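Next comes work_26.tsv, with TSV, C-alpha atoms.
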chain	number	residue	atom	x	y	z
N	489	MET	CA	208.56	161.15	120.34
N	490	ALA	CA	210.75	158.17	119.48
N	491	THR	CA	214.49	158.31	120.00
N	492	LEU	CA	217.40	156.91	118.02
N	493	GLY	CA	220.42	156.04	120.13
N	494	LEU	CA	223.79	155.98	118.41
N	495	ILE	CA	226.81	154.12	119.70
N	496	GLY	CA	229.39	155.56	117.36
N	497	SER	CA	229.00	158.90	115.60
N	498	GLY	CA	231.36	158.74	112.63
N	499	ASN	CA	230.39	158.88	108.97
N	500	ILE	CA	227.46	156.46	109.15
N	501	GLY	CA	226.39	157.44	112.67
N	502	GLY	CA	226.48	161.14	111.91
N	503	THR	CA	224.56	160.62	108.68
N	504	LEU	CA	221.87	158.57	110.41
N	505	ALA	CA	221.60	161.23	113.12
N	506	ARG	CA	220.92	163.88	110.47
N	507	LEU	CA	218.33	161.72	108.72
N	508	ALA	CA	216.66	160.94	112.05
N	509	VAL	CA	216.41	164.59	113.08
N	510	ASP	CA	215.06	165.49	109.63
N	511	SER	CA	212.45	162.76	110.11
N	512	GLY	CA	211.30	164.15	113.47
N	513	LEU	CA	213.13	161.73	115.75
N	514	ASP	CA	215.17	162.67	118.80
N	515	VAL	CA	218.74	161.43	118.80
N	516	VAL	CA	221.30	160.66	121.50
N	517	LEU	CA	224.82	160.41	120.13
N	518	SER	CA	227.87	158.84	121.72
N	519	ASN	CA	231.42	157.93	120.80
N	520	SER	CA	234.54	156.52	122.40
N	521	ARG	CA	236.03	159.95	123.14
N	522	GLY	CA	233.29	161.39	125.35
N	523	PRO	CA	230.16	163.55	124.93
N	524	GLU	CA	232.08	166.82	124.94
N	525	THR	CA	233.74	165.90	121.63
N	526	LEU	CA	230.32	165.81	119.93
N	527	ALA	CA	229.38	169.41	120.79
N	528	ASP	CA	229.78	170.71	117.23
N	529	LEU	CA	227.71	167.91	115.70
N	530	VAL	CA	224.98	168.32	118.32
N	531	ALA	CA	224.88	172.07	117.68
N	532	GLU	CA	224.58	171.42	113.95
N	533	LEU	CA	221.76	168.93	114.44
N	534	GLY	CA	219.74	171.26	116.66
N	535	PRO	CA	217.44	170.81	119.66
N	536	ARG	CA	216.42	167.23	118.88
N	537	ALA	CA	219.99	166.03	119.42
N	538	ARG	CA	222.09	165.59	122.53
N	539	ALA	CA	225.31	163.80	123.37
N	540	GLY	CA	225.85	161.20	126.08
N	541	THR	CA	227.84	158.16	126.98
N	542	ALA	CA	227.37	154.89	125.12
N	543	ALA	CA	225.34	153.59	128.05
N	544	GLU	CA	223.12	156.69	127.97
N	545	ALA	CA	222.56	156.38	124.23
N	546	ALA	CA	221.74	152.69	124.68
N	547	ALA	CA	219.27	153.40	127.47
N	548	ALA	CA	217.57	156.28	125.65
N	549	GLY	CA	217.11	154.68	122.25
N	550	ASP	CA	213.91	153.08	121.05
N	551	TRP	CA	216.24	151.82	118.34
N	552	VAL	CA	219.97	151.70	119.02
N	553	VAL	CA	222.47	151.79	116.17
N	554	VAL	CA	225.89	150.27	116.79
N	555	THR	CA	228.30	151.79	114.31
N	556	VAL	CA	231.78	151.05	115.62
N	557	PRO	CA	234.70	148.89	114.43
N	558	VAL	CA	234.22	145.19	115.05
N	559	LYS	CA	237.23	145.19	117.38
N	560	ALA	CA	235.33	147.64	119.62
N	561	TYR	CA	232.35	145.33	120.21
N	562	PRO	CA	233.55	144.27	123.69
N	563	ARG	CA	233.32	147.89	124.86
N	564	ILE	CA	229.61	148.18	124.03
N	565	PRO	CA	227.42	148.30	127.17
N	566	ARG	CA	225.32	145.17	127.45
N	567	GLU	CA	222.76	145.74	130.18
N	568	PRO	CA	220.96	148.81	128.75
N	569	LEU	CA	220.55	147.00	125.41
N	570	ALA	CA	218.74	143.96	126.80
N	571	GLY	CA	215.45	143.45	124.98
N	572	LYS	CA	216.13	146.22	122.47
N	573	THR	CA	216.42	146.24	118.69
N	574	VAL	CA	220.10	146.87	117.99
N	575	ILE	CA	221.01	147.77	114.43
N	576	ASP	CA	224.55	146.79	113.47
N	577	THR	CA	226.14	148.75	110.61
N	578	GLY	CA	229.54	147.11	110.95
N	579	ASN	CA	231.81	145.34	108.48
N	580	TYR	CA	234.83	143.29	109.42
N	581	TYR	CA	238.11	144.62	108.05
N	582	PRO	CA	241.08	142.50	109.22
N	583	GLN	CA	243.54	145.30	108.47
N	584	ARG	CA	241.68	147.49	110.98
N	585	ASP	CA	240.15	144.99	113.40
N	586	GLY	CA	242.92	142.41	113.52
N	587	ASP	CA	242.51	138.66	113.19
N	588	ILE	CA	239.33	137.50	114.89
N	589	PRO	CA	239.39	133.68	114.69
N	590	GLU	CA	235.60	133.23	114.49
N	591	LEU	CA	235.45	135.59	111.50
N	592	VAL	CA	238.63	134.48	109.79
N	593	GLY	CA	237.38	130.90	110.01
N	594	LYS	CA	233.89	131.95	108.88
N	595	LYS	CA	232.31	130.31	111.91
N	596	THR	CA	230.05	133.34	112.27
N	597	THR	CA	229.54	136.80	110.80
N	598	ASP	CA	230.45	140.12	112.37
N	599	SER	CA	226.80	140.68	113.31
N	600	GLY	CA	226.63	137.15	114.68
N	601	LEU	CA	229.62	137.99	116.83
N	602	LEU	CA	227.80	141.08	118.13
N	603	GLN	CA	224.63	139.10	118.81
N	604	GLY	CA	226.62	136.59	120.83
N	605	TYR	CA	228.13	139.39	122.85
N	606	LEU	CA	224.82	141.23	123.38
N	607	ASP	CA	222.86	138.31	124.77
N	608	GLY	CA	219.30	139.51	125.32
N	609	ALA	CA	219.34	142.17	122.60
N	610	HIS	CA	217.92	141.60	119.10
N	611	VAL	CA	220.57	142.42	116.51
N	612	VAL	CA	219.55	143.42	112.99
N	613	LYS	CA	222.15	144.00	110.27
N	614	ALA	CA	221.50	147.17	108.23
N	615	PHE	CA	223.13	150.27	106.73
N	616	ASN	CA	226.46	148.47	106.25
N	617	ASN	CA	226.22	148.11	102.47
N	618	ILE	CA	225.83	151.75	101.46
N	619	PHE	CA	228.41	154.55	101.25
N	620	PHE	CA	227.55	157.24	103.79
N	621	LYS	CA	227.33	159.99	101.15
N	622	HIS	CA	224.86	157.91	99.17
N	623	LEU	CA	222.92	157.17	102.36
N	624	ALA	CA	222.63	160.91	102.95
N	625	ALA	CA	221.44	161.66	99.41
N	626	LEU	CA	218.97	158.86	98.62
N	627	PRO	CA	216.09	159.10	101.16
N	628	ARG	CA	212.70	159.55	99.51
N	629	PRO	CA	209.09	159.67	100.77
N	630	ALA	CA	207.15	156.44	100.95
N	631	GLY	CA	205.75	155.52	97.55
N	632	ALA	CA	208.22	157.64	95.57
N	633	ALA	CA	209.13	156.03	92.25
N	634	ASP	CA	212.83	156.54	92.92
N	635	ARG	CA	212.86	155.31	96.51
N	636	SER	CA	215.82	153.12	97.36
N	637	ALA	CA	215.82	149.91	99.37
N	638	LEU	CA	218.28	148.64	101.95
N	639	PRO	CA	218.76	144.99	102.94
N	640	ILE	CA	218.40	143.82	106.52
N	641	ALA	CA	219.07	140.50	108.25
N	642	GLY	CA	218.15	139.27	111.70
N	643	ASP	CA	216.94	136.30	113.71
N	644	ASP	CA	214.02	138.03	115.46
N	645	ALA	CA	211.01	138.79	113.26
N	646	ASP	CA	209.67	141.52	115.53
N	647	ALA	CA	213.05	143.25	115.65
N	648	LYS	CA	213.31	143.15	111.86
N	649	ALA	CA	209.85	144.65	111.54
N	650	TYR	CA	210.82	147.40	113.99
N	651	ALA	CA	214.04	148.05	112.10
N	652	ALA	CA	212.02	148.31	108.89
N	653	GLU	CA	209.89	151.00	110.57
N	654	LEU	CA	213.04	153.01	111.21
N	655	LEU	CA	214.22	152.60	107.62
N	656	ASP	CA	210.82	153.75	106.41
N	657	LEU	CA	210.95	156.83	108.64
N	658	LEU	CA	214.41	157.65	107.31
N	659	GLY	CA	213.28	157.33	103.69
N	660	PHE	CA	214.08	153.78	102.56
N	661	ASP	CA	212.28	150.58	101.66
N	662	THR	CA	213.48	147.29	103.14
N	663	VAL	CA	214.50	143.95	101.67
N	664	ASP	CA	214.55	141.14	104.23
N	665	ALA	CA	217.61	138.99	103.47
N	666	GLY	CA	216.67	136.41	106.09
N	667	PRO	CA	218.40	135.30	109.30
N	668	LEU	CA	221.33	137.22	110.75
N	669	ALA	CA	223.84	134.88	109.11
N	670	GLU	CA	222.55	136.00	105.71
N	671	GLY	CA	224.11	139.40	106.35
N	672	ARG	CA	227.11	137.87	104.59
N	673	ARG	CA	225.25	138.46	101.31
N	674	PHE	CA	225.60	142.23	101.60
N	675	GLN	CA	229.03	142.53	103.12
N	676	PRO	CA	232.09	143.96	101.30
N	677	GLY	CA	232.94	142.11	98.12
N	678	THR	CA	229.34	141.18	97.25
N	679	ALA	CA	227.14	142.54	94.49
N	680	ALA	CA	224.89	144.17	97.11
N	681	TYR	CA	227.70	146.16	98.71
N	682	GLY	CA	227.94	149.74	97.51
N	683	LEU	CA	227.47	149.13	93.80
N	684	PRO	CA	223.63	149.17	93.65
N	685	TYR	CA	223.64	152.82	94.77
N	686	ALA	CA	226.14	154.03	92.16
N	687	ASP	CA	227.12	153.61	88.53
N	688	LYS	CA	227.41	149.82	88.28
N	689	SER	CA	230.07	150.00	85.56
N	690	VAL	CA	232.58	151.69	87.88
N	691	ALA	CA	234.32	149.65	90.57
N	692	ASP	CA	235.04	152.66	92.80
N	693	PHE	CA	231.45	153.34	93.82
N	694	MET	CA	232.55	155.87	96.46
N	695	ALA	CA	233.67	158.23	93.71
N	696	GLU	CA	230.33	158.05	91.88
N	697	PRO	CA	227.15	160.09	92.38
N	698	PRO	CA	224.26	158.29	94.09
N	699	VAL	CA	221.84	156.21	92.04
N	700	PRO	CA	218.52	154.93	93.45
N	701	ALA	CA	218.32	151.17	93.96
N	702	SER	CA	214.86	149.63	94.03
N	703	VAL	CA	213.63	146.61	95.96
N	704	ALA	CA	214.08	144.56	92.77
N	705	ASP	CA	217.64	145.84	92.37
N	706	ILE	CA	218.57	144.79	95.90
N	707	GLU	CA	216.82	141.43	95.61
N	708	ALA	CA	218.82	140.71	92.44
N	709	ALA	CA	222.07	141.73	94.12
N	710	LEU	CA	221.36	139.51	97.12
N	711	ALA	CA	220.49	136.60	94.84
N	712	ALA	CA	223.89	136.93	93.19
N	713	ALA	CA	225.48	136.04	96.53
N	714	GLU	CA	223.31	132.96	97.19
N	715	SER	CA	225.99	130.44	96.37
Is it possible to express this structure as structure tokens?
Amino acid sequence: MATLGLIGSGNIGGTLARLAVDSGLDVVLSNSRGPETLADLVAELGPRARAGTAAEAAAAGDWVVVTVPVKAYPRIPREPLAGKTVIDTGNYYPQRDGDIPELVGKKTTDSGLLQGYLDGAHVVKAFNNIFFKHLAALPRPAGAADRSALPIAGDDADAKAYAAELLDLLGFDTVDAGPLAEGRRFQPGTAAYGLPYADKSVADFMAEPPVPASVADIEAALAAAES
């Protein structure tokens, strides 16, 4: 059975763990505070879940999700991620992460920064543009008329295809936004961030119930950020 490793087990990480277990995957969770602090979540998730260190989650995962603040990237273990598909859910928030010159100057993106740090891994940007409560509510079986799509970006075609397999298992279609740098088109402040999965007429999408967003919806939102 395939395993999803999680480096970070907050709102997005915990939600992905639940979706993975529901989809028949094993999960290994980790956080910055130690495996013992995840006992309640592991108990809730059941026998397919266990807690470990970040290095253990990295080593165990067929896919590894990095869902930590951008400022925490230097603490991510490098060696066990070499050659693996690493899915980055992060968004850069200066008020939380501080001033990072490469990002402030737009010389790279947050996922580009992670890829540079994790030399040898294959970083794919995904899950960063959807509110965790909407992520939990919108999975649908393949072929369902109301199945939602999520955008991804990455520089390695095989890694993107493998990431798309995970999204499919978890209940989502995929829209390939292109190279990793194109992750900027579904970061905060873009039309593809949050709004497609809620009432589009309301700016505070987090307060709105989930709304399915099709492949066409996400393609249109990404196109709005082309310029």
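Take the candidates N:Tyr580, N:Tyr561, N:Trp551, N:Phe615 and check each one against N:Lys594 using all atoms listed in the file; the shortest distance goes to N:Tyr580.
Put simply, atom CA of N:Gly496 is 12.2 Å away from atom CA of N:Val515.
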Using all atoms listed in the file, can you tell me which of N:Tyr650, N:Phe660, N:Phe674, N:Tyr681 comes closest to N:Ser636?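 With all atoms listed in the file as the atom set, the closest residue is N:Phe660.
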d(atom CA of N:Val558, atom CA of N:Glu696) in Å: 26.8 Å
Best match for closeness to N:Arg673 among N:Ala633, N:Ala539, N:Ala614, N:Ala695, counting all atoms listed in the file: N:Ala614
Kindly provide, as a list in words, the polymer residues lying within 8 Å of (228.2, 164.1, 121.1), counting only C-alpha atoms and using the coordinates exactly as they appear in the file.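 Answer for this query, in the requested form: Ser497, Val516, Leu517, Ser518, Asn519, Gly522, Pro523, Glu524, Thr525, Leu526, Ala527, Asp528, Leu529, Val530, Arg538, Ala539 and Gly540 of chain N.
The residue that comes closest to N:Asp585, out of N:Ala543, N:Leu657, N:Ala560, N:Ala637 and on the basis of only C-alpha atoms, is N:Ala560.
Taking atom CA of N:Leu601 and atom CA of N:Glu670 as endpoints, the distance between them is 13.3 Å.
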Select, from N:Pro639, N:Gly608, N:Pro582, N:Gly600, the residue with the minimum atom-to-atom distance to N:Glu567, counting only C-alpha atoms. N:Gly608
Distance criterion (all atoms listed in the file): nearest to N:Asn617 out of N:Ser702, N:Thr597, N:Gln583, N:Gln675: N:Gln675
Contact residues around N:Ala609 with all atoms listed in the file at 7 Å, ignoring same-chain residues under 2 positions, as a ChimeraX atom specification: /N:569-574,606-607,611
Residues near N:Leu683, cut-off 10 Å, only C-alpha atoms, skip fewer than 3 positions along chain, as JSON, numbers by chain: {"N": [617, 618, 619, 677, 678, 679, 680, 686, 687, 688, 689, 690, 691, 692, 693, 694, 696, 698, 699, 701, 709]}
Report, as lines of an AutoDock Vina configuration file, the centre and edge lengths in Å (one decimal) of the axis-aligned box enclosing every listed atom of stretch 617-624 of chain N, padded by 4 Å on each side.
center_x = 225.5
center_y = 154.5
center_z = 101.5
size_x = 13.8
size_y = 20.8
size_z = 12.6
Fix up stretch 610-621 of chain N with all heavy atoms, then write it as an mmCIF file, in the frame of the given file.
data_model
loop_
_atom_site.group_PDB
_atom_site.id
_atom_site.type_symbol
_atom_site.label_atom_id
_atom_site.label_comp_id
_atom_site.auth_asym_id
_atom_site.auth_seq_id
_atom_site.Cartn_x
_atom_site.Cartn_y
_atom_site.Cartn_z
ATOM 1 N N HIS N 610 218.344 142.174 120.382
ATOM 2 C CA HIS N 610 217.920 141.600 119.100
ATOM 3 C C HIS N 610 218.640 142.348 117.990
ATOM 4 O O HIS N 610 218.243 143.446 117.597
ATOM 5 C CB HIS N 610 216.406 141.707 118.952
ATOM 6 C CG HIS N 610 215.640 141.152 120.116
ATOM 7 N ND1 HIS N 610 215.676 139.810 120.442
ATOM 8 C CD2 HIS N 610 214.852 141.754 121.045
ATOM 9 C CE1 HIS N 610 214.926 139.609 121.513
ATOM 10 N NE2 HIS N 610 214.424 140.770 121.899
ATOM 11 N N VAL N 611 219.716 141.750 117.491
ATOM 12 C CA VAL N 611 220.570 142.420 116.510
ATOM 13 C C VAL N 611 219.998 142.269 115.105
ATOM 14 O O VAL N 611 219.606 141.169 114.691
ATOM 15 C CB VAL N 611 222.005 141.869 116.563
ATOM 16 C CG1 VAL N 611 222.864 142.466 115.453
ATOM 17 C CG2 VAL N 611 222.628 142.152 117.934
ATOM 18 N N VAL N 612 219.959 143.388 114.388
ATOM 19 C CA VAL N 612 219.550 143.420 112.990
ATOM 20 C C VAL N 612 220.673 144.089 112.195
ATOM 21 O O VAL N 612 221.136 145.169 112.564
ATOM 22 C CB VAL N 612 218.235 144.206 112.790
ATOM 23 C CG1 VAL N 612 217.872 144.274 111.305
ATOM 24 C CG2 VAL N 612 217.108 143.566 113.586
ATOM 25 N N LYS N 613 221.113 143.439 111.135
ATOM 26 C CA LYS N 613 222.150 144.000 110.270
ATOM 27 C C LYS N 613 221.504 144.958 109.282
ATOM 28 O O LYS N 613 220.542 144.613 108.601
ATOM 29 C CB LYS N 613 222.838 142.871 109.507
ATOM 30 C CG LYS N 613 223.993 143.300 108.627
ATOM 31 C CD LYS N 613 225.247 143.362 109.432
ATOM 32 C CE LYS N 613 226.484 143.395 108.552
ATOM 33 N NZ LYS N 613 227.710 143.495 109.377
ATOM 34 N N ALA N 614 222.035 146.187 109.183
ATOM 35 C CA ALA N 614 221.500 147.170 108.230
ATOM 36 C C ALA N 614 222.491 148.323 108.085
ATOM 37 O O ALA N 614 223.353 148.522 108.945
ATOM 38 C CB ALA N 614 220.141 147.706 108.689
ATOM 39 N N PHE N 615 222.360 149.055 107.008
ATOM 40 C CA PHE N 615 223.130 150.270 106.730
ATOM 41 C C PHE N 615 224.616 150.007 106.457
ATOM 42 O O PHE N 615 225.371 150.963 106.268
ATOM 43 C CB PHE N 615 223.029 151.293 107.877
ATOM 44 C CG PHE N 615 221.643 151.759 108.184
ATOM 45 C CD1 PHE N 615 221.067 151.495 109.418
ATOM 46 C CD2 PHE N 615 220.904 152.478 107.248
ATOM 47 C CE1 PHE N 615 219.786 151.928 109.719
ATOM 48 C CE2 PHE N 615 219.615 152.927 107.535
ATOM 49 C CZ PHE N 615 219.062 152.648 108.774
ATOM 50 N N ASN N 616 225.039 148.752 106.445
ATOM 51 C CA ASN N 616 226.460 148.470 106.250
ATOM 52 C C ASN N 616 226.868 148.398 104.787
ATOM 53 O O ASN N 616 228.059 148.380 104.474
ATOM 54 C CB ASN N 616 226.830 147.136 106.901
ATOM 55 C CG ASN N 616 226.195 145.967 106.178
ATOM 56 O OD1 ASN N 616 224.968 145.874 106.137
ATOM 57 N ND2 ASN N 616 226.994 145.091 105.601
ATOM 58 N N ASN N 617 225.896 148.353 103.880
ATOM 59 C CA ASN N 617 226.220 148.110 102.470
ATOM 60 C C ASN N 617 226.140 149.354 101.609
ATOM 61 O O ASN N 617 226.219 149.264 100.380
ATOM 62 C CB ASN N 617 225.264 147.058 101.890
ATOM 63 C CG ASN N 617 223.872 147.623 101.619
ATOM 64 O OD1 ASN N 617 223.321 148.314 102.485
ATOM 65 N ND2 ASN N 617 223.327 147.350 100.455
ATOM 66 N N ILE N 618 226.009 150.526 102.224
ATOM 67 C CA ILE N 618 225.830 151.750 101.460
ATOM 68 C C ILE N 618 226.834 152.802 101.922
ATOM 69 O O ILE N 618 227.051 152.984 103.123
ATOM 70 C CB ILE N 618 224.372 152.269 101.566
ATOM 71 C CG1 ILE N 618 224.159 153.493 100.663
ATOM 72 C CG2 ILE N 618 223.973 152.543 103.009
ATOM 73 C CD1 ILE N 618 222.690 153.905 100.539
ATOM 74 N N PHE N 619 227.469 153.467 100.973
ATOM 75 C CA PHE N 619 228.410 154.550 101.250
ATOM 76 C C PHE N 619 227.673 155.681 101.951
ATOM 77 O O PHE N 619 226.555 156.029 101.573
ATOM 78 C CB PHE N 619 229.015 155.017 99.935
ATOM 79 C CG PHE N 619 230.071 156.072 100.048
ATOM 80 C CD1 PHE N 619 231.039 156.035 101.038
ATOM 81 C CD2 PHE N 619 230.115 157.122 99.133
ATOM 82 C CE1 PHE N 619 232.023 157.007 101.131
ATOM 83 C CE2 PHE N 619 231.095 158.096 99.209
ATOM 84 C CZ PHE N 619 232.046 158.041 100.212
ATOM 85 N N PHE N 620 228.282 156.272 102.964
ATOM 86 C CA PHE N 620 227.550 157.240 103.790
ATOM 87 C C PHE N 620 227.057 158.438 102.992
ATOM 88 O O PHE N 620 225.999 158.998 103.289
ATOM 89 C CB PHE N 620 228.392 157.671 104.993
ATOM 90 C CG PHE N 620 229.501 158.653 104.706
ATOM 91 C CD1 PHE N 620 229.312 160.013 104.887
ATOM 92 C CD2 PHE N 620 230.739 158.201 104.264
ATOM 93 C CE1 PHE N 620 230.336 160.915 104.634
ATOM 94 C CE2 PHE N 620 231.768 159.096 104.010
ATOM 95 C CZ PHE N 620 231.572 160.464 104.189
ATOM 96 N N LYS N 621 227.796 158.854 101.960
ATOM 97 C CA LYS N 621 227.330 159.990 101.150
ATOM 98 C C LYS N 621 226.115 159.609 100.328
ATOM 99 O O LYS N 621 225.230 160.446 100.097
ATOM 100 C CB LYS N 621 228.464 160.482 100.258
ATOM 101 C CG LYS N 621 229.605 161.150 101.023
ATOM 102 C CD LYS N 621 230.671 161.695 100.088
ATOM 103 C CE LYS N 621 231.784 162.382 100.884
ATOM 104 N NZ LYS N 621 232.858 162.900 99.992
#
